[in-house]
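K.L.:
Provided herewith: start_36.txt, compact mmCIF, C-alpha atoms.
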# COMPACT_ATOMS: atom_id res chain seq x y z
CA MET A 1 136.31 134.97 83.42
CA ARG A 2 132.78 134.96 82.03
CA LYS A 3 130.17 136.91 83.92
CA THR A 4 127.33 134.96 85.51
CA VAL A 5 123.60 135.66 85.18
CA TYR A 6 121.21 134.15 87.73
CA ILE A 7 117.75 132.95 86.63
CA TRP A 8 115.27 131.64 89.20
CA GLY A 9 113.87 128.33 87.95
CA GLY A 10 115.05 125.35 85.94
CA PRO A 11 117.08 125.32 82.70
CA GLU A 12 114.53 123.12 80.95
CA ARG A 13 111.95 125.90 81.15
CA PHE A 14 114.21 128.75 80.09
CA ALA A 15 116.40 127.32 77.33
CA ASN A 16 115.96 130.39 75.09
CA TYR A 17 117.18 132.63 77.88
CA ARG A 18 120.24 130.46 78.42
CA ARG A 19 121.06 130.84 74.73
CA MET A 20 120.69 134.63 74.93
CA VAL A 21 122.98 134.79 77.95
CA GLU A 22 125.57 132.65 76.18
CA ASP A 23 125.29 134.79 73.03
CA ALA A 24 126.29 137.74 75.22
CA GLY A 25 129.40 135.88 76.36
CA ALA A 26 128.11 135.16 79.87
CA ARG A 27 127.04 132.02 81.73
CA ALA A 28 123.47 131.34 82.86
CA VAL A 29 123.06 129.95 86.38
CA PHE A 30 119.72 128.39 87.36
CA GLY A 31 118.35 127.65 90.81
CA ASP A 32 115.44 127.89 93.20
CA ALA A 33 117.15 129.89 95.93
CA ALA A 34 116.02 133.46 96.55
CA ALA A 35 118.47 134.45 99.27
CA GLY A 36 122.18 135.18 99.07
CA GLN A 37 122.37 135.06 95.28
CA ALA A 38 123.46 138.67 94.73
CA LEU A 39 126.69 137.85 96.58
CA ARG A 40 127.44 134.93 94.24
CA TRP A 41 126.49 136.07 90.73
CA ASP A 42 127.09 139.12 88.54
CA ALA A 43 123.56 139.85 87.31
CA LEU A 44 119.91 138.83 87.53
CA LEU A 45 117.60 137.98 84.63
CA LEU A 46 113.83 137.86 85.14
CA PRO A 47 112.22 135.88 82.28
CA GLY A 48 108.70 135.83 80.88
CA GLY A 49 105.91 133.74 82.37
CA GLY A 50 102.51 133.92 84.06
CA ASP A 51 100.90 136.94 85.71
CA LEU A 52 101.84 138.41 89.08
CA GLU A 53 99.32 138.27 91.90
CA PRO A 54 97.37 141.56 91.74
CA TRP A 55 97.34 142.04 95.51
CA ARG A 56 101.06 142.70 95.27
CA TYR A 57 100.29 146.02 93.58
CA GLY A 58 97.13 146.78 95.55
CA ARG A 59 94.51 145.55 93.08
CA LYS A 60 91.82 142.89 92.99
CA ASN A 61 92.10 140.14 90.39
CA THR A 62 90.02 141.22 87.41
CA ALA A 63 91.85 139.51 84.54
CA SER A 64 95.09 137.96 85.83
CA ARG A 65 95.74 134.29 85.08
CA ASN A 66 98.42 131.61 85.27
CA LEU A 67 99.53 133.04 88.62
CA GLU A 68 102.89 131.98 90.04
CA PRO A 69 102.88 132.97 93.74
CA GLU A 70 106.09 131.13 94.66
CA ARG A 71 107.90 132.71 91.76
CA ASP A 72 106.56 136.17 92.65
CA GLU A 73 107.94 135.79 96.16
CA ALA A 74 111.32 134.55 94.96
CA GLU A 75 111.86 137.11 92.20
CA LEU A 76 110.81 140.07 94.33
CA ARG A 77 113.24 138.90 97.02
CA LEU A 78 115.97 138.58 94.39
CA LEU A 79 115.21 142.08 93.14
CA GLU A 80 115.63 143.36 96.68
CA GLU A 81 119.06 141.74 96.97
CA PHE A 82 120.41 142.60 93.52
CA THR A 83 119.26 146.23 93.59
CA ALA A 84 120.70 146.66 97.09
CA ALA A 85 124.01 145.40 95.71
CA LYS A 86 123.60 147.68 92.66
CA LYS A 87 124.13 144.74 90.32
CA PRO A 88 122.62 144.60 86.81
CA VAL A 89 119.07 143.35 86.39
CA LEU A 90 117.29 142.62 83.10
CA GLY A 91 113.55 141.98 82.99
CA ILE A 92 111.80 140.45 79.98
CA CYS A 93 107.99 140.55 79.56
CA ARG A 94 106.77 139.34 82.98
CA GLY A 95 110.18 140.47 84.23
CA LEU A 96 109.39 144.08 83.27
CA GLN A 97 106.11 143.80 85.15
CA ALA A 98 107.84 142.34 88.22
CA ILE A 99 110.35 145.20 88.21
CA ASN A 100 107.58 147.78 87.98
CA VAL A 101 105.68 146.19 90.87
CA PHE A 102 108.86 145.91 92.96
CA PHE A 103 109.41 149.67 92.69
CA GLY A 104 105.80 150.41 93.66
CA GLY A 105 104.12 150.56 90.26
CA THR A 106 100.91 148.93 89.04
CA LEU A 107 99.88 146.77 86.09
CA ALA A 108 97.09 146.92 83.54
CA GLN A 109 95.62 143.43 83.90
CA ASP A 110 94.37 142.97 80.34
CA VAL A 111 95.70 144.85 77.31
CA PRO A 112 94.16 143.93 73.92
CA GLY A 113 96.20 143.61 70.78
CA HIS A 114 99.49 142.41 72.25
CA GLY A 115 98.98 138.69 72.77
CA ALA A 116 100.65 136.06 70.60
CA TRP A 117 98.98 134.73 67.45
CA ALA A 118 98.17 131.03 67.23
CA ASP A 119 101.33 130.48 65.18
CA GLY A 120 103.72 132.68 67.15
CA ASP A 121 104.53 136.11 68.54
CA ARG A 122 102.83 139.26 67.28
CA ILE A 123 105.27 141.65 65.54
CA HIS A 124 104.75 145.40 65.76
CA GLY A 125 106.67 148.64 65.73
CA ALA A 126 107.84 150.50 68.81
CA GLY A 127 109.07 154.06 69.02
CA SER A 128 111.74 155.15 71.47
CA ALA A 129 113.00 158.23 73.23
CA PRO A 130 116.78 158.68 72.93
CA SER A 131 118.20 157.31 76.15
CA PRO A 132 121.73 156.66 77.41
CA LEU A 133 120.11 154.20 79.81
CA LEU A 134 119.24 151.59 77.18
CA PRO A 135 121.27 151.46 73.94
CA LEU A 136 118.52 149.94 71.79
CA CYS A 137 116.33 152.98 72.38
CA GLY A 138 116.35 155.93 70.05
CA GLY A 139 114.37 155.58 66.82
CA ARG A 140 112.01 152.82 65.75
CA LEU A 141 112.35 149.09 66.24
CA ASN A 142 110.20 146.10 65.29
CA VAL A 143 109.56 144.00 68.38
CA ASN A 144 107.59 140.86 69.24
CA SER A 145 104.65 140.67 71.65
CA ALA A 146 103.19 137.76 73.58
CA HIS A 147 101.60 139.40 76.62
CA HIS A 148 98.20 140.53 77.84
CA GLN A 149 99.39 142.68 80.75
CA ALA A 150 101.60 145.77 80.84
CA ALA A 151 103.03 148.42 83.12
CA ASP A 152 100.42 150.98 84.15
CA ARG A 153 101.59 153.50 86.77
CA LEU A 154 105.38 153.45 86.83
CA GLY A 155 107.24 152.61 90.01
CA GLY A 156 109.56 155.02 91.77
CA GLY A 157 112.78 155.79 89.90
CA LEU A 158 111.63 154.13 86.68
CA ARG A 159 111.54 155.83 83.31
CA ALA A 160 109.69 154.59 80.21
CA VAL A 161 111.90 154.78 77.11
CA GLN A 162 109.99 152.82 74.46
CA TRP A 163 106.30 152.58 73.52
CA ALA A 164 104.07 150.66 71.12
CA GLU A 165 101.87 152.68 68.78
CA ASP A 166 98.95 152.39 71.22
CA GLY A 167 101.03 153.77 74.09
CA VAL A 168 101.83 150.49 75.86
CA ILE A 169 105.26 150.70 77.49
CA GLU A 170 107.74 148.44 75.68
CA ALA A 171 110.91 149.26 77.64
CA LEU A 172 111.87 150.97 80.86
CA CYS A 173 114.99 151.71 82.88
CA HIS A 174 115.78 152.80 86.39
CA ARG A 175 117.15 156.33 86.58
CA ARG A 176 120.01 155.47 88.96
CA LEU A 177 120.39 151.68 89.13
CA PRO A 178 121.54 149.27 86.38
CA VAL A 179 118.00 147.93 85.97
CA TRP A 180 116.58 147.59 82.43
CA ALA A 181 113.46 145.86 81.17
CA VAL A 182 111.70 145.17 77.87
CA GLN A 183 108.12 144.01 77.35
CA TRP A 184 109.11 142.12 74.19
CA HIS A 185 111.12 138.91 73.84
CA PRO A 186 114.70 139.35 72.55
CA GLU A 187 115.39 135.68 73.31
CA ARG A 188 112.83 134.70 70.64
CA LEU A 189 113.62 137.25 67.93
CA GLY A 190 115.11 135.95 64.70
CA ASP A 191 117.73 138.69 64.99
CA ARG A 192 119.67 137.33 67.97
CA ALA A 193 122.02 140.32 67.82
CA LEU A 194 119.43 142.49 69.61
CA GLY A 195 119.42 140.29 72.70
CA ARG A 196 123.20 140.01 72.64
CA ARG A 197 123.62 143.79 72.47
CA LEU A 198 121.01 144.44 75.14
CA LEU A 199 122.36 142.03 77.74
CA GLY A 200 125.99 142.68 76.83
CA ALA A 201 125.59 146.44 77.35
CA LEU A 202 123.86 145.91 80.69
CA LEU A 203 126.57 143.55 81.94
CA GLU A 204 129.16 146.22 81.18
CA LEU A 205 127.51 148.36 83.86
CA GLY A 206 128.32 145.76 86.52
CA ARG A 207 131.11 146.40 88.97
Take the structure from the file and write it as structure tokens.
P.N.:
Amino acid sequence: MRKTVYIWGGPERFANYRRMVEDAGARAVFGDAAAGQALRWDALLLPGGGDLEPWRYGRKNTASRNLEPERDEAELRLLEEFTAAKKPVLGICRGLQAINVFFGGTLAQDVPGHGAWADGDRIHGAGSAPSPLLPLCGGRLNVNSAHHQAADRLGGGLRAVQWAEDGVIEALCHRRLPVWAVQWHPERLGDRALGRRLLGALLELGR
């Protein structure tokens, strides 16, 4: 039976993520419920999107935009349930930021040089520390950027494993839980194998 990956929101908004999940041999499940989902599905995926409300990490709003308060509330509740159940979680772009905030970290509200170009994502190199926690780390990888915020102080239990040349964190993992996150967008890369490998390896950690 195929494993199931829950995504809060509608399929029309997250079609690229559905494709990535299917590439990994799993089934994407969409919905607007934030309670009881960890008991029903095998994993949680937190996609990209607007900024988190800064008060959630103890800061005033100095540069955050396109806020999604309802989504913040739902995804942080889902993180509580899925991590309590020790089920796999993958965060992408905003998802990495949500994971960092959930574990008590903070965000840099405006990071220059990482936003998308007018005609698409920015491509840049990222160096990695060898890590058994995330199989794509170890060596150098070209990744795509489309963000203006990033993880600042890391939350409890989190470990950075990949960085851009300017030091911005490009990937992190939890030291004990099956929680991985990347600041880049594997669902939009031309090489779809990266997203397939990333999500497929994480799903293997599920019970």
K.L.:
Mind pulling up the distance from atom CA of Gln37 of chain A to atom CA of Pro186 of chain A?
P.N.:
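Atom CA of Gln37 of chain A lies 24.4 Å from atom CA of Pro186 of chain A.
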K.L.:
Ranking A:Val179, A:Ala151, A:Ala126, A:Ala28 by minimum distance to Ala85 of chain A and counting all atoms listed in the file, which one comes first?
P.N.:
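Of the candidates, the smallest distance to Ala85 of chain A is held by A:Val179.
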K.L.:
Just give me the gap between atom CA of Cys93 of chain A and atom CA of Glu80 of chain A in Å, one decimal is fine.
P.N.:
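Rounded to one decimal, the two atoms are 19.0 Å apart.
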K.L.:
Between A:Pro112, A:Asp152, A:Val21, A:His147, which one has atoms that come closest to Val5 of chain A, using all atoms listed in the file?
P.N.:
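Closest to Val5 of chain A of all the choices is A:Val21.
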K.L.:
Residues within 9 Å of (119.4, 145.9, 83.3), file coordinates, counting all atoms listed in the file: what are they? Give the list as a list of chain:residue names.
P.N.:
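I get A:Ala43, A:Leu44, A:Leu45, A:Lys87, A:Pro88, A:Val89, A:Leu90, A:Gly91, A:Leu134, A:Cys173, A:His174, A:Leu177, A:Pro178, A:Val179, A:Trp180, A:Ala181, A:Leu198, A:Leu199, A:Ala201, A:Leu202, A:Leu203, A:Leu205 for the residues within 9 Å of that point.
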K.L.:
Quick one: of A:His148, A:Ala33, A:Leu154, A:Ala129, who's nearest to Arg65 of chain A, counting only C-alpha atoms?
P.N.:
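Among the listed residues, A:His148 lies closest to Arg65 of chain A.
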K.L.:
Using atom CA of Asn16 of chain A and atom CA of Gln109 of chain A as the two end points, give the distance in Å to one decimal.
P.N.:
25.7 Å
K.L.:
Find the residue from A:Asn66, A:Gln162, A:Thr106, A:Thr4 that sits nearest to Ala150 of chain A; use all atoms listed in the file when measuring.
P.N.:
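Counting all atoms listed in the file, the residue closest to Ala150 of chain A is A:Thr106.
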K.L.:
Which protein, DNA or RNA residues are at most 12 Å from (118.8, 131.4, 64.2) in the file's coordinates when you count all atoms listed in the file, listed as a ChimeraX atom specification?
P.N.:
/A:16,19-20,23,187-193
K.L.:
Generate a file of the selected residues that holds C-alpha atoms, formatted as a PDB file, in the frame of the given file.
P.N.:
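The resulting file, out-v3.pdb, is shown below:
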ATOM      1  CA  ASN A  16     115.960 130.390  75.090  1.00  0.00           C
ATOM      2  CA  ARG A  19     121.060 130.840  74.730  1.00  0.00           C
ATOM      3  CA  MET A  20     120.690 134.630  74.930  1.00  0.00           C
ATOM      4  CA  ASP A  23     125.290 134.790  73.030  1.00  0.00           C
ATOM      5  CA  GLU A 187     115.390 135.680  73.310  1.00  0.00           C
ATOM      6  CA  ARG A 188     112.830 134.700  70.640  1.00  0.00           C
ATOM      7  CA  LEU A 189     113.620 137.250  67.930  1.00  0.00           C
ATOM      8  CA  GLY A 190     115.110 135.950  64.700  1.00  0.00           C
ATOM      9  CA  ASP A 191     117.730 138.690  64.990  1.00  0.00           C
ATOM     10  CA  ARG A 192     119.670 137.330  67.970  1.00  0.00           C
ATOM     11  CA  ALA A 193     122.020 140.320  67.820  1.00  0.00           C
TER      12      ALA A 193
END
K.L.:
Which residue out of A:Arg77, A:Arg71, A:Arg59, A:Arg2 has the minimum interatomic distance to Gly105 of chain A when all atoms listed in the file are used?
P.N.:
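Between A:Arg77, A:Arg71, A:Arg59, A:Arg2, the residue approaching Gly105 of chain A most closely is A:Arg59.
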K.L.:
Segment 32-50 of chain A, all listed atoms, 4 Å padding on each side: what axis-aligned box centre and edge lengths in Å to one decimal come out, as lines of an AutoDock Vina configuration file?
P.N.:
center_x = 115.0
center_y = 133.9
center_z = 90.1
size_x = 32.9
size_y = 20.0
size_z = 26.4
K.L.:
Can you pull out every residue within 7 Å of Arg94 of chain A, counting all atoms listed in the file, but drop anything in the same chain fewer than 6 positions away, and send it as an NGL selection string?
P.N.:
:A and (47-51)
K.L.:
Report as an mmCIF file with C-alpha atoms, in the frame of the given file all protein, DNA and RNA residues lying within 9 Å of Ala171 of chain A, evaluated on all atoms listed in the file, omitting residues in the same chain fewer than 4 positions from it.
P.N.:
data_model
loop_
_atom_site.group_PDB
_atom_site.id
_atom_site.type_symbol
_atom_site.label_atom_id
_atom_site.label_comp_id
_atom_site.auth_asym_id
_atom_site.auth_seq_id
_atom_site.Cartn_x
_atom_site.Cartn_y
_atom_site.Cartn_z
ATOM 1 C CA LEU A 96 109.390 144.080 83.270
ATOM 2 C CA SER A 128 111.740 155.150 71.470
ATOM 3 C CA LEU A 134 119.240 151.590 77.180
ATOM 4 C CA CYS A 137 116.330 152.980 72.380
ATOM 5 C CA ARG A 159 111.540 155.830 83.310
ATOM 6 C CA ALA A 160 109.690 154.590 80.210
ATOM 7 C CA VAL A 161 111.900 154.780 77.110
ATOM 8 C CA GLN A 162 109.990 152.820 74.460
ATOM 9 C CA TRP A 163 106.300 152.580 73.520
ATOM 10 C CA TRP A 180 116.580 147.590 82.430
ATOM 11 C CA ALA A 181 113.460 145.860 81.170
ATOM 12 C CA VAL A 182 111.700 145.170 77.870
ATOM 13 C CA GLN A 183 108.120 144.010 77.350
ATOM 14 C CA TRP A 184 109.110 142.120 74.190
#
K.L.:
List the spatial neighbours of Leu76 of chain A as a list in words - criterion: any atom at most 9 Å away, only C-alpha atoms, same-chain residues fewer than 2 positions off excluded.
P.N.:
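In the requested form, the answer reads Ala34, Arg71, Asp72, Glu73, Ala74, Leu78, Leu79, Glu80, Glu81, Ala98, Ile99, Val101 and Phe102 of chain A.
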K.L.:
Go through A:Ala108, A:Ala146, A:Leu141, A:Ala35 one by one, measure the shortest atom-to-atom distance of each to Asp121 of chain A using all atoms listed in the file, and give the residue with the smallest value.
P.N.:
A:Ala146
